[in-house]
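The data block below is input-v8.csv; it holds CSV, C-alpha atoms.
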```csv
chain,number,residue,atom,x,y,z
A,29,MET,CA,30.1,6.7,-20.9
A,30,THR,CA,28.0,7.9,-23.8
A,31,TYR,CA,24.3,8.3,-23.2
A,32,PRO,CA,21.4,9.1,-25.6
A,33,THR,CA,20.6,12.8,-25.5
A,34,ILE,CA,17.5,14.8,-24.6
A,35,THR,CA,17.8,18.4,-25.9
A,36,LEU,CA,15.7,21.2,-24.3
A,37,LYS,CA,13.9,24.1,-25.9
A,38,LYS,CA,15.7,27.4,-25.7
A,39,GLY,CA,15.3,29.0,-22.3
A,40,ARG,CA,13.9,25.9,-20.6
A,41,GLU,CA,17.1,24.9,-18.7
A,42,GLY,CA,16.3,26.9,-15.6
A,43,ALA,CA,14.5,24.2,-13.6
A,44,LEU,CA,17.5,21.8,-14.0
A,45,GLN,CA,19.9,24.6,-13.1
A,46,ARG,CA,17.9,24.9,-9.9
A,47,PHE,CA,18.4,21.2,-9.3
A,48,SER,CA,14.8,20.1,-9.9
A,49,PRO,CA,14.7,16.3,-10.0
A,50,TRP,CA,11.8,16.3,-12.6
A,51,LEU,CA,12.1,17.3,-16.2
A,52,PHE,CA,8.7,17.7,-17.8
A,53,SER,CA,7.9,16.8,-21.4
A,54,GLY,CA,7.0,20.4,-22.3
A,55,SER,CA,10.6,21.5,-22.0
A,56,VAL,CA,11.9,19.0,-24.5
A,57,ALA,CA,12.8,20.0,-28.0
A,58,HIS,CA,14.4,16.9,-29.4
A,59,GLU,CA,15.1,13.3,-28.4
A,60,ASP,CA,17.7,10.9,-29.9
A,61,GLU,CA,16.1,8.1,-31.8
A,62,GLY,CA,15.8,4.7,-30.1
A,63,ILE,CA,15.4,5.9,-26.5
A,64,GLU,CA,13.4,3.4,-24.5
A,65,ASP,CA,11.6,3.7,-21.2
A,66,GLY,CA,14.1,3.2,-18.4
A,67,ASP,CA,17.1,4.2,-20.3
A,68,THR,CA,19.7,6.5,-18.7
A,69,VAL,CA,19.9,9.7,-20.8
A,70,ARG,CA,21.9,12.9,-20.9
A,71,VAL,CA,20.0,16.2,-20.8
A,72,VAL,CA,21.5,19.2,-22.7
A,73,ASP,CA,20.4,22.8,-23.2
A,74,SER,CA,19.6,24.2,-26.6
A,75,ALA,CA,23.3,25.1,-27.0
A,76,GLY,CA,24.4,21.5,-26.3
A,77,ASN,CA,25.7,22.1,-22.8
A,78,SER,CA,25.2,19.1,-20.5
A,79,LEU,CA,22.8,19.6,-17.5
A,80,GLY,CA,22.9,16.1,-16.1
A,81,VAL,CA,21.8,12.6,-16.5
A,82,GLY,CA,18.6,10.7,-15.4
A,83,HIS,CA,16.1,8.0,-16.1
A,84,TYR,CA,13.9,8.5,-19.2
A,85,GLN,CA,10.2,7.6,-19.3
A,86,ALA,CA,7.6,8.6,-21.9
A,87,GLY,CA,5.0,10.7,-20.2
A,88,SER,CA,4.6,14.1,-18.5
A,89,ILE,CA,7.6,13.6,-16.3
A,90,ARG,CA,10.1,12.8,-19.1
A,91,VAL,CA,13.3,12.4,-17.1
A,92,ARG,CA,13.9,11.9,-13.4
A,93,MET,CA,17.3,13.4,-12.7
A,94,LEU,CA,20.0,11.4,-10.9
A,95,HIS,CA,23.0,13.6,-11.4
A,96,PHE,CA,23.6,17.3,-12.3
A,97,GLY,CA,26.5,18.8,-14.2
A,98,ALA,CA,28.7,18.1,-17.2
A,99,ASP,CA,30.4,15.0,-15.9
A,100,ASN,CA,29.0,11.4,-15.9
A,101,ALA,CA,27.3,10.1,-12.9
A,102,PRO,CA,29.6,8.1,-10.6
A,103,ALA,CA,29.5,4.4,-11.1
A,104,ASP,CA,28.5,3.8,-7.5
A,105,LEU,CA,25.8,6.6,-7.4
A,106,LEU,CA,22.9,4.3,-6.5
A,107,ALA,CA,24.8,2.5,-3.7
A,108,SER,CA,26.3,5.8,-2.3
A,109,ARG,CA,22.8,7.5,-2.3
A,110,LEU,CA,21.3,4.4,-0.5
A,111,GLU,CA,24.1,4.6,2.0
A,112,ARG,CA,23.4,8.3,2.7
A,113,ALA,CA,19.7,7.5,3.2
A,114,LEU,CA,20.5,4.8,5.7
A,115,GLU,CA,22.9,7.1,7.5
A,116,LEU,CA,20.1,9.7,7.9
A,117,ARG,CA,17.7,7.1,9.4
A,118,ALA,CA,20.4,6.2,11.9
A,119,ARG,CA,20.9,9.9,12.7
A,120,LEU,CA,17.1,10.2,13.3
A,121,GLY,CA,17.4,7.4,15.9
A,122,LEU,CA,15.3,5.0,13.9
A,123,ALA,CA,17.8,2.3,13.0
A,124,ALA,CA,18.4,1.3,16.6
A,125,ASP,CA,15.1,2.2,18.2
A,126,PRO,CA,13.9,-0.8,20.2
A,127,LEU,CA,10.3,0.5,20.1
A,128,THR,CA,10.1,1.2,16.3
A,129,ASP,CA,11.0,-1.1,13.5
A,130,ALA,CA,8.8,0.4,10.8
A,131,TYR,CA,9.9,3.5,8.9
A,132,ARG,CA,10.8,4.9,5.5
A,133,LEU,CA,14.4,4.1,4.4
A,134,VAL,CA,14.3,5.9,1.1
A,135,HIS,CA,12.0,8.8,0.1
A,136,ALA,CA,12.5,9.3,-3.6
A,137,ALA,CA,13.8,12.8,-4.5
A,138,GLY,CA,14.1,13.6,-0.8
A,139,ASP,CA,17.0,11.2,-0.7
A,140,GLN,CA,18.2,12.2,-4.2
A,141,LEU,CA,16.7,8.9,-5.7
A,142,PRO,CA,13.7,10.1,-7.6
A,143,GLY,CA,11.4,7.3,-8.5
A,144,LEU,CA,12.4,5.1,-5.5
A,145,ILE,CA,10.6,4.3,-2.3
A,146,VAL,CA,11.9,1.9,0.3
A,147,ASP,CA,10.1,1.1,3.5
A,148,ARG,CA,11.3,-1.1,6.4
A,149,TYR,CA,8.9,-3.4,8.1
A,150,GLY,CA,10.9,-5.3,10.7
A,151,PRO,CA,13.2,-7.7,8.8
A,152,VAL,CA,11.6,-6.9,5.4
A,153,ALA,CA,12.3,-4.0,3.1
A,154,VAL,CA,9.6,-3.1,0.6
A,155,VAL,CA,10.8,-1.5,-2.6
A,156,GLN,CA,8.4,0.5,-4.7
A,157,CYS,CA,9.7,1.9,-7.9
A,158,HIS,CA,7.8,4.7,-9.5
A,159,SER,CA,9.9,4.9,-12.6
A,160,ILE,CA,10.8,2.2,-15.0
A,161,GLY,CA,14.5,3.2,-14.9
A,162,MET,CA,14.6,2.6,-11.1
A,163,HIS,CA,12.7,-0.7,-11.5
A,164,HIS,CA,15.5,-1.9,-13.9
A,165,GLN,CA,17.8,-1.4,-10.9
A,166,ARG,CA,15.6,-3.3,-8.4
A,167,GLN,CA,18.0,-6.2,-7.9
A,168,LEU,CA,20.9,-3.9,-7.3
A,169,ILE,CA,18.8,-2.0,-4.8
A,170,ALA,CA,17.8,-5.3,-3.0
A,171,ASP,CA,21.3,-6.6,-2.9
A,172,THR,CA,22.6,-3.3,-1.5
A,173,LEU,CA,20.0,-3.3,1.3
A,174,LEU,CA,20.6,-6.9,2.2
A,175,GLU,CA,24.3,-6.2,2.4
A,176,ARG,CA,24.2,-2.8,4.2
A,177,VAL,CA,21.3,-3.2,6.7
A,178,PRO,CA,21.8,-6.1,9.1
A,179,GLN,CA,18.2,-5.9,10.3
A,180,ILE,CA,16.9,-6.6,6.8
A,181,THR,CA,16.8,-10.2,5.8
A,182,ALA,CA,14.2,-10.1,3.0
A,183,VAL,CA,13.3,-7.6,0.2
A,184,TYR,CA,9.9,-7.4,-1.5
A,185,ASP,CA,9.2,-5.6,-4.8
A,186,LYS,CA,5.8,-3.9,-4.8
A,187,SER,CA,6.0,-1.7,-7.9
A,188,ALA,CA,3.4,-3.1,-10.4
A,189,ALA,CA,0.6,-0.9,-9.3
A,190,VAL,CA,2.5,2.4,-9.6
A,191,LEU,CA,4.2,1.9,-12.9
A,192,PRO,CA,2.7,2.6,-16.4
A,193,GLU,CA,0.5,-0.2,-17.6
A,194,ARG,CA,2.5,-0.7,-20.8
A,195,TYR,CA,5.3,-1.9,-18.5
A,196,ALA,CA,3.5,-3.1,-15.4
A,197,HIS,CA,1.8,-5.9,-17.3
A,198,THR,CA,5.2,-7.4,-18.0
A,199,ILE,CA,6.2,-7.7,-14.4
A,200,SER,CA,4.9,-9.2,-11.1
A,201,ASP,CA,5.4,-8.1,-7.5
A,202,GLY,CA,7.4,-10.5,-5.4
A,203,MET,CA,10.5,-11.3,-3.4
A,204,LEU,CA,13.9,-9.9,-4.6
A,205,GLY,CA,15.9,-11.7,-1.9
A,206,GLY,CA,15.6,-13.6,1.3
A,207,GLU,CA,12.8,-15.9,2.5
A,208,THR,CA,9.2,-15.1,1.4
A,209,VAL,CA,7.4,-12.8,3.9
A,210,THR,CA,4.2,-11.0,2.9
A,211,GLU,CA,2.6,-10.5,6.4
A,212,LEU,CA,4.2,-9.7,9.7
A,213,THR,CA,3.8,-7.7,12.9
A,214,VAL,CA,5.8,-4.5,13.5
A,215,ARG,CA,6.3,-2.0,16.2
A,216,GLU,CA,5.8,1.8,16.1
A,217,ASN,CA,6.5,3.7,19.3
A,218,GLY,CA,5.8,0.4,21.1
A,219,ARG,CA,2.4,0.0,19.4
A,220,ARG,CA,2.0,-3.2,17.4
A,221,PHE,CA,0.5,-3.4,13.9
A,222,ARG,CA,-0.1,-6.2,11.5
A,223,ILE,CA,1.2,-5.4,8.0
A,224,ASP,CA,-0.1,-6.9,4.8
A,225,ILE,CA,2.7,-6.2,2.4
A,226,ALA,CA,1.3,-7.9,-0.6
A,227,GLY,CA,-2.4,-6.9,-0.3
A,228,GLY,CA,-2.3,-3.6,1.7
A,229,GLN,CA,-2.3,-0.1,0.3
A,230,LYS,CA,1.0,1.7,-0.6
A,231,THR,CA,3.7,-0.5,0.8
A,232,GLY,CA,1.5,-1.8,3.6
A,233,PHE,CA,1.1,1.0,6.1
A,234,PHE,CA,1.1,4.8,6.3
A,235,LEU,CA,4.4,5.4,7.9
A,236,ASP,CA,4.3,9.2,7.3
A,237,GLN,CA,1.8,9.7,10.1
A,238,ARG,CA,3.9,8.3,12.9
A,239,GLU,CA,4.6,11.6,14.7
A,240,ASN,CA,1.0,12.7,14.1
A,241,ARG,CA,-0.4,9.5,15.6
A,242,TRP,CA,1.8,10.1,18.7
A,243,LEU,CA,0.4,13.7,19.0
A,244,LEU,CA,-3.2,12.5,18.9
A,245,GLY,CA,-2.4,9.9,21.6
A,246,GLY,CA,-1.4,12.7,23.9
A,247,TYR,CA,-4.8,14.4,23.6
A,248,ALA,CA,-6.9,11.2,23.9
A,249,GLN,CA,-7.2,10.7,27.7
A,250,ASP,CA,-10.9,10.1,28.6
A,251,LYS,CA,-12.0,11.5,25.1
A,252,VAL,CA,-14.5,10.1,22.6
A,253,VAL,CA,-12.7,9.8,19.3
A,254,LEU,CA,-13.9,9.3,15.7
A,255,ASN,CA,-11.3,8.0,13.2
A,256,THR,CA,-12.5,8.3,9.7
A,257,PHE,CA,-10.8,6.6,6.7
A,258,CYS,CA,-9.1,4.6,9.4
A,259,TYR,CA,-7.4,2.1,7.0
A,260,THR,CA,-5.7,-0.2,9.5
A,261,GLY,CA,-6.5,1.7,12.6
A,262,GLY,CA,-3.3,3.6,13.3
A,263,PHE,CA,-4.9,6.6,14.9
A,264,SER,CA,-7.4,4.4,16.7
A,265,VAL,CA,-4.7,2.3,18.4
A,266,TYR,CA,-2.8,5.4,19.5
A,267,ALA,CA,-6.1,7.0,20.9
A,268,LEU,CA,-7.0,3.8,22.8
A,269,LEU,CA,-3.5,3.4,24.3
A,270,GLY,CA,-3.7,7.2,25.1
A,271,GLY,CA,-6.6,6.4,27.4
A,272,ALA,CA,-9.6,7.3,25.1
A,273,ALA,CA,-13.0,6.5,26.6
A,274,GLN,CA,-14.3,5.3,23.3
A,275,VAL,CA,-13.0,5.1,19.7
A,276,ASP,CA,-15.2,4.7,16.6
A,277,SER,CA,-13.3,3.7,13.4
A,278,VAL,CA,-14.9,4.0,10.0
A,279,ASP,CA,-13.6,2.8,6.6
A,280,LEU,CA,-15.3,1.7,3.4
A,281,SER,CA,-13.0,-1.3,3.0
A,282,GLY,CA,-13.9,-4.5,4.8
A,283,ASN,CA,-10.4,-5.7,4.7
A,284,ALA,CA,-9.2,-2.5,6.3
A,285,MET,CA,-11.7,-2.9,9.1
A,286,GLU,CA,-10.6,-6.4,9.7
A,287,LEU,CA,-7.0,-5.3,10.1
A,288,THR,CA,-8.1,-2.4,12.4
A,289,SER,CA,-9.8,-5.0,14.6
A,290,THR,CA,-6.7,-7.2,14.5
A,291,ASN,CA,-4.5,-4.2,15.5
A,292,VAL,CA,-6.7,-3.2,18.3
A,293,HIS,CA,-6.5,-6.7,19.7
A,294,LEU,CA,-2.7,-6.8,19.2
A,295,ASN,CA,-2.3,-3.9,21.6
A,296,GLY,CA,-4.1,-5.3,24.6
A,297,ASP,CA,-7.5,-5.5,26.2
A,298,LEU,CA,-8.9,-2.5,24.2
A,299,ALA,CA,-11.9,-4.0,22.3
A,300,ASP,CA,-14.5,-2.9,24.8
A,301,ARG,CA,-13.7,0.7,24.0
A,302,HIS,CA,-13.6,0.3,20.3
A,303,ALA,CA,-16.3,0.1,17.6
A,304,GLY,CA,-15.6,-0.5,13.9
A,305,TYR,CA,-18.0,0.5,11.0
A,306,THR,CA,-17.6,-0.6,7.4
A,307,ALA,CA,-19.2,2.3,5.6
A,308,ASP,CA,-18.7,5.2,3.2
A,309,VAL,CA,-17.4,8.0,5.5
A,310,MET,CA,-19.6,10.8,4.1
A,311,ASP,CA,-22.7,8.7,4.4
A,312,TRP,CA,-21.8,7.6,7.9
A,313,LEU,CA,-21.2,11.2,9.0
A,314,LYS,CA,-24.6,12.3,7.5
A,315,GLU,CA,-26.3,9.7,9.6
A,316,HIS,CA,-24.2,9.6,12.8
A,317,GLY,CA,-22.4,13.0,12.8
A,318,ARG,CA,-25.4,15.3,12.9
A,319,GLU,CA,-25.0,15.8,16.6
A,320,PRO,CA,-21.8,17.0,18.3
A,321,LYS,CA,-20.8,14.0,20.3
A,322,TYR,CA,-17.1,13.6,19.7
A,323,ASP,CA,-14.1,15.2,21.5
A,324,ILE,CA,-11.7,14.4,18.6
A,325,VAL,CA,-12.3,13.6,15.0
A,326,VAL,CA,-9.6,12.4,12.6
A,327,VAL,CA,-10.1,13.0,8.9
A,328,ASP,CA,-7.3,11.3,6.9
A,329,PRO,CA,-8.7,10.5,3.4
A,330,PRO,CA,-6.9,9.0,0.4
A,331,ALA,CA,-5.8,11.5,-2.2
A,332,PHE,CA,-8.9,13.0,-3.8
A,333,ALA,CA,-6.9,14.5,-6.7
A,334,LYS,CA,-4.2,12.7,-8.6
A,335,ASN,CA,-3.7,15.6,-11.1
A,336,LYS,CA,-4.5,19.3,-11.5
A,337,HIS,CA,-7.6,18.5,-13.6
A,338,ARG,CA,-9.4,17.0,-10.6
A,339,ARG,CA,-8.2,19.6,-8.1
A,340,HIS,CA,-11.4,21.7,-8.0
A,341,LYS,CA,-13.6,18.7,-7.4
A,342,ALA,CA,-11.2,17.5,-4.7
A,343,VAL,CA,-11.2,20.8,-2.9
A,344,GLN,CA,-15.0,20.8,-2.8
A,345,ALA,CA,-15.0,17.2,-1.5
A,346,TYR,CA,-12.4,18.2,1.3
A,347,LYS,CA,-14.7,21.2,2.2
A,348,ARG,CA,-17.9,19.1,2.5
A,349,LEU,CA,-16.1,16.3,4.4
A,350,ASN,CA,-14.4,18.7,6.9
A,351,ALA,CA,-17.6,20.6,7.5
A,352,ARG,CA,-19.4,17.4,8.4
A,353,ALA,CA,-16.5,16.5,10.7
A,354,MET,CA,-16.7,19.8,12.5
A,355,GLN,CA,-20.4,19.4,13.0
A,356,ALA,CA,-19.7,16.1,14.8
A,357,LEU,CA,-17.4,17.8,17.3
A,358,LYS,CA,-18.4,18.9,20.8
A,359,PRO,CA,-17.6,22.6,21.6
A,360,GLY,CA,-13.9,22.8,22.2
A,361,GLY,CA,-13.3,19.5,20.4
A,362,LEU,CA,-10.2,18.8,18.2
A,363,LEU,CA,-10.2,18.2,14.4
A,364,PHE,CA,-7.1,16.3,13.1
A,365,THR,CA,-7.5,16.9,9.3
A,366,PHE,CA,-5.1,15.9,6.5
A,367,SER,CA,-4.6,15.9,2.8
A,368,CYS,CA,-2.1,13.8,0.9
A,369,SER,CA,-3.0,15.1,-2.5
A,370,ARG,CA,0.2,16.5,-4.1
A,371,VAL,CA,-1.8,19.0,-6.3
A,372,VAL,CA,-3.5,20.5,-3.2
A,373,ASP,CA,-0.7,22.6,-1.7
A,374,ARG,CA,-0.5,23.7,1.9
A,375,GLN,CA,-2.1,27.1,1.4
A,376,LEU,CA,-5.0,25.7,-0.7
A,377,PHE,CA,-5.6,23.1,1.9
A,378,TYR,CA,-5.7,25.7,4.6
A,379,ASP,CA,-8.1,27.9,2.6
A,380,THR,CA,-10.3,24.8,2.1
A,381,ILE,CA,-10.5,24.2,5.8
A,382,VAL,CA,-11.3,27.9,6.4
A,383,ALA,CA,-14.2,27.5,3.9
A,384,ALA,CA,-15.4,24.4,5.8
A,385,GLY,CA,-15.3,26.3,9.1
A,386,LEU,CA,-17.3,29.2,7.6
A,387,GLU,CA,-19.9,26.8,6.3
A,388,THR,CA,-20.5,25.4,9.8
A,389,GLY,CA,-20.6,28.9,11.4
A,390,ARG,CA,-18.4,27.8,14.2
A,391,SER,CA,-15.2,29.6,15.4
A,392,ALA,CA,-12.0,27.6,15.4
A,393,ARG,CA,-8.3,28.1,16.0
A,394,VAL,CA,-5.2,26.3,14.7
A,395,LEU,CA,-3.2,24.4,17.3
A,396,HIS,CA,-0.7,22.5,15.1
A,397,ARG,CA,0.4,22.5,11.4
A,398,LEU,CA,1.4,19.0,10.6
A,399,GLY,CA,3.3,17.1,7.8
A,400,GLN,CA,5.1,13.9,7.1
A,401,GLY,CA,7.8,12.6,9.5
A,402,PRO,CA,11.6,13.3,9.0
A,403,ASP,CA,12.1,9.9,7.5
A,404,HIS,CA,10.1,11.4,4.6
A,405,PRO,CA,12.6,14.3,3.9
A,406,VAL,CA,11.7,16.9,1.3
A,407,ASN,CA,14.2,17.9,-1.3
A,408,LEU,CA,14.7,21.7,-1.0
A,409,TYR,CA,14.4,22.1,-4.8
A,410,HIS,CA,11.3,19.8,-5.1
A,411,ALA,CA,8.3,21.2,-3.3
A,412,GLU,CA,6.2,18.4,-4.6
A,413,GLY,CA,7.9,16.1,-2.1
A,414,GLU,CA,5.9,17.8,0.7
A,415,TYR,CA,2.7,16.0,-0.1
A,416,LEU,CA,1.2,15.5,3.4
A,417,LYS,CA,-0.5,18.5,4.9
A,418,GLY,CA,-2.3,18.5,8.3
A,419,LEU,CA,-4.0,20.8,10.7
A,420,VAL,CA,-5.2,20.4,14.3
A,421,LEU,CA,-8.0,22.7,15.0
A,422,GLN,CA,-10.0,23.4,18.2
A,423,VAL,CA,-13.5,24.0,17.2
A,424,ASP,CA,-15.8,25.9,19.5
```

Entire entry expressed as structure tokens:
Amino acid sequence: MTYPTITLKKGREGALQRFSPWLFSGSVAHEDEGIEDGDTVRVVDSAGNSLGVGHYQAGSIRVRMLHFGADNAPADLLASRLERALELRARLGLAADPLTDAYRLVHAAGDQLPGLIVDRYGPVAVVQCHSIGMHHQRQLIADTLLERVPQITAVYDKSAAVLPERYAHTISDGMLGGETVTELTVRENGRRFRIDIAGGQKTGFFLDQRENRWLLGGYAQDKVVLNTFCYTGGFSVYALLGGAAQVDSVDLSGNAMELTSTNVHLNGDLADRHAGYTADVMDWLKEHGREPKYDIVVVDPPAFAKNKHRRHKAVQAYKRLNARAMQALKPGGLLFTFSCSRVVDRQLFYDTIVAAGLETGRSARVLHRLGQGPDHPVNLYHAEGEYLKGLVLQVD
């Protein structure tokens, strides 16, 4: 098959020779006329040698690579990559786990499908396409999931919020197959959570924190816990079921706090040990966190930096936030702190937490270095896929 061609500048082929799934616009010397967003294109070096094919999209990330080499991509590439992704989840023990029916089925470049996220929530698969080219394939993706995964009986497309506005205004989120389902209850390690697919953040839940929530639950017995940026109360539920004496949950979103309360009630008679606060986290910590009264504090904010231009301000915000959180901890207490900002790498995040510790003047030690679960695999040649960084500190 003949594809329109993207020609690279001389000497700029190295990234693709190292199997990077992203081709940036700064490497492009020439584009064939008539290429449109979402088209499949061939990328060649300055001498005309083919480097592979991928989905084109005007912007900083110009091509998301699907296949490397001189030959054409196999006709069944999408279906075969989906099949491999499903096989991995089965190997991880997730597909047949009676206690867990919510996990990531496809993690973009980590599953050699850059631009595609698929999350399973019970019988529903939520597809989120981060590239126009992948969104053009949404029905094929949905049909493949319905055919290959017996547990899935419905597929929902939730891509509009993450695609360029020039394209997003032409589409709507909605069902791609099966009966309409936008809210349901799922299980994670036996814990129950209400998922708002249509109205919730991301695809409805932060599935990448499953192992980290479990870890916190193991530390929670008889402890007083503060869960900031609680969203729908995942860490709160695990702490309560882990035997926490008291859990305080804080989030700016009233809808998130309602879902947190719902999830607490879904998991048993826990409400008498839980208090929810709808408030700005920094303001709340300034008022309620001046005295060290918590045994565990969880800091899991949204991404403070979406690009490198905002990285410095984000780092300063992380430092202030974590310094406040440390001040709220009793001597010997634990800080579970995270960053999901892709442009804040693991070392920069660590250095930022060091700066927060120095600001408080308290000694601390690292107990755990955390990240996303194995259902969010990281492509060896794409460090950007490791977006979630976490530390567990004991603060004296």

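We find atom CA of Asp129 of chain A and atom CA of Thr213 of chain A to be spaced 9.8 Å apart.
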
Atom CA of Leu133 of chain A to atom CA of His95 of chain A, distance in Å rounded to a single decimal: 20.3 Å

Spatial neighbours of His316 of chain A, 12 Å, only C-alpha atoms, chain gap at least 2 places, as an MDAnalysis selection string: chainID A and resid 254 276 278 305 307:314 318:322 352:353 355:357

Closest atom pairs, segment 279-331 of chain A residues within 10 Å of segment 228-243 of chain A, only C-alpha atoms, as a Markdown table:
```
| residue | atom | partner | partner_atom | distance |
| --- | --- | --- | --- | --- |
| A:Asn283 | CA | A:Gly228 | CA | 8.9 |
| A:Ala284 | CA | A:Gly228 | CA | 8.4 |
| A:Leu287 | CA | A:Gly228 | CA | 9.8 |
| A:Asp328 | CA | A:Gln237 | CA | 9.8 |
```

Coordinates-based distance that separates atom CA of Leu280 of chain A from atom CA of Thr128 of chain A (Å, one decimal): 28.5 Å

Name the residues, using the chain letters and numbers of the file, that sit within 8 Å of (-3.6, 2.2, 18.8) when counting all atoms listed in the file, and give them as a PDB file with C-alpha atoms, in the frame of the given file.
```
ATOM      1  CA  ARG A 219       2.400   0.000  19.400  1.00  0.00           C
ATOM      2  CA  ARG A 220       2.000  -3.200  17.400  1.00  0.00           C
ATOM      3  CA  GLY A 261      -6.500   1.700  12.600  1.00  0.00           C
ATOM      4  CA  GLY A 262      -3.300   3.600  13.300  1.00  0.00           C
ATOM      5  CA  PHE A 263      -4.900   6.600  14.900  1.00  0.00           C
ATOM      6  CA  SER A 264      -7.400   4.400  16.700  1.00  0.00           C
ATOM      7  CA  VAL A 265      -4.700   2.300  18.400  1.00  0.00           C
ATOM      8  CA  TYR A 266      -2.800   5.400  19.500  1.00  0.00           C
ATOM      9  CA  ALA A 267      -6.100   7.000  20.900  1.00  0.00           C
ATOM     10  CA  LEU A 268      -7.000   3.800  22.800  1.00  0.00           C
ATOM     11  CA  LEU A 269      -3.500   3.400  24.300  1.00  0.00           C
ATOM     12  CA  ASN A 291      -4.500  -4.200  15.500  1.00  0.00           C
ATOM     13  CA  VAL A 292      -6.700  -3.200  18.300  1.00  0.00           C
ATOM     14  CA  ASN A 295      -2.300  -3.900  21.600  1.00  0.00           C
TER      15      ASN A 295
END
```

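Look at segment 199-210 of chain A: the protein and nucleic acid residues within 7 Å of it, using all atoms listed in the file and passing over chain neighbours fewer than 4 places away, are A:Gln167, A:Ala170, A:Thr181, A:Ala182, A:Val183, A:Tyr184, A:Asp185, A:Lys186, A:Ser187, A:Ala188, A:Asp224, A:Ile225, A:Ala226.
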
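Take the candidates A:Asp125, A:Asp300, A:Glu315, A:Asp60 and check each one against Ile34 of chain A using all atoms listed in the file; the shortest distance goes to A:Asp60.
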
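Shell of Tyr259 of chain A at 8 Å, with all atoms listed in the file counted and residues fewer than 6 places along the chain excluded, is Asp279, Ser281, Ala284, Met285 and Thr288 of chain A.
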
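Nearest residue to Phe366 of chain A among A:Leu419, A:Val253, A:Ile324, A:Val382 is A:Leu419, counting all atoms listed in the file.
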
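With all atoms listed in the file as the atoms that count, the residue of A:Ala383, A:Ala57, A:Leu106, A:Leu168 with the shortest distance to Arg90 of chain A is A:Ala57.
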
Could you pull segment 251-275 of chain A out of the structure just shown and give C-alpha atoms as a PDB file, in the first residue's frame?
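The resulting out-v1.pdb:
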```
ATOM      1  CA  LYS A 251      -4.136   5.084  62.209  1.00  0.00           C
ATOM      2  CA  VAL A 252      -5.534   8.574  61.596  1.00  0.00           C
ATOM      3  CA  VAL A 253      -5.336   9.184  57.845  1.00  0.00           C
ATOM      4  CA  LEU A 254      -5.659  12.275  55.659  1.00  0.00           C
ATOM      5  CA  ASN A 255      -6.384  11.713  51.958  1.00  0.00           C
ATOM      6  CA  THR A 256      -5.927  14.918  49.948  1.00  0.00           C
ATOM      7  CA  PHE A 257      -7.113  15.301  46.350  1.00  0.00           C
ATOM      8  CA  CYS A 258      -9.172  12.242  47.187  1.00  0.00           C
ATOM      9  CA  TYR A 259     -11.199  12.274  43.915  1.00  0.00           C
ATOM     10  CA  THR A 260     -13.592   9.347  44.490  1.00  0.00           C
ATOM     11  CA  GLY A 261     -12.001   8.137  47.716  1.00  0.00           C
ATOM     12  CA  GLY A 262      -9.912   5.185  46.566  1.00  0.00           C
ATOM     13  CA  PHE A 263      -7.196   5.577  49.199  1.00  0.00           C
ATOM     14  CA  SER A 264      -9.850   6.440  51.784  1.00  0.00           C
ATOM     15  CA  VAL A 265     -11.758   3.198  51.251  1.00  0.00           C
ATOM     16  CA  TYR A 266      -8.593   1.102  51.435  1.00  0.00           C
ATOM     17  CA  ALA A 267      -7.532   2.868  54.637  1.00  0.00           C
ATOM     18  CA  LEU A 268     -10.937   2.339  56.262  1.00  0.00           C
ATOM     19  CA  LEU A 269     -11.042  -1.339  55.322  1.00  0.00           C
ATOM     20  CA  GLY A 270      -7.461  -1.594  56.559  1.00  0.00           C
ATOM     21  CA  GLY A 271      -8.709  -0.672  60.020  1.00  0.00           C
ATOM     22  CA  ALA A 272      -7.965   3.059  60.175  1.00  0.00           C
ATOM     23  CA  ALA A 273      -9.297   4.775  63.281  1.00  0.00           C
ATOM     24  CA  GLN A 274     -10.266   7.879  61.291  1.00  0.00           C
ATOM     25  CA  VAL A 275      -9.990   9.005  57.662  1.00  0.00           C
TER      26      VAL A 275
END
```
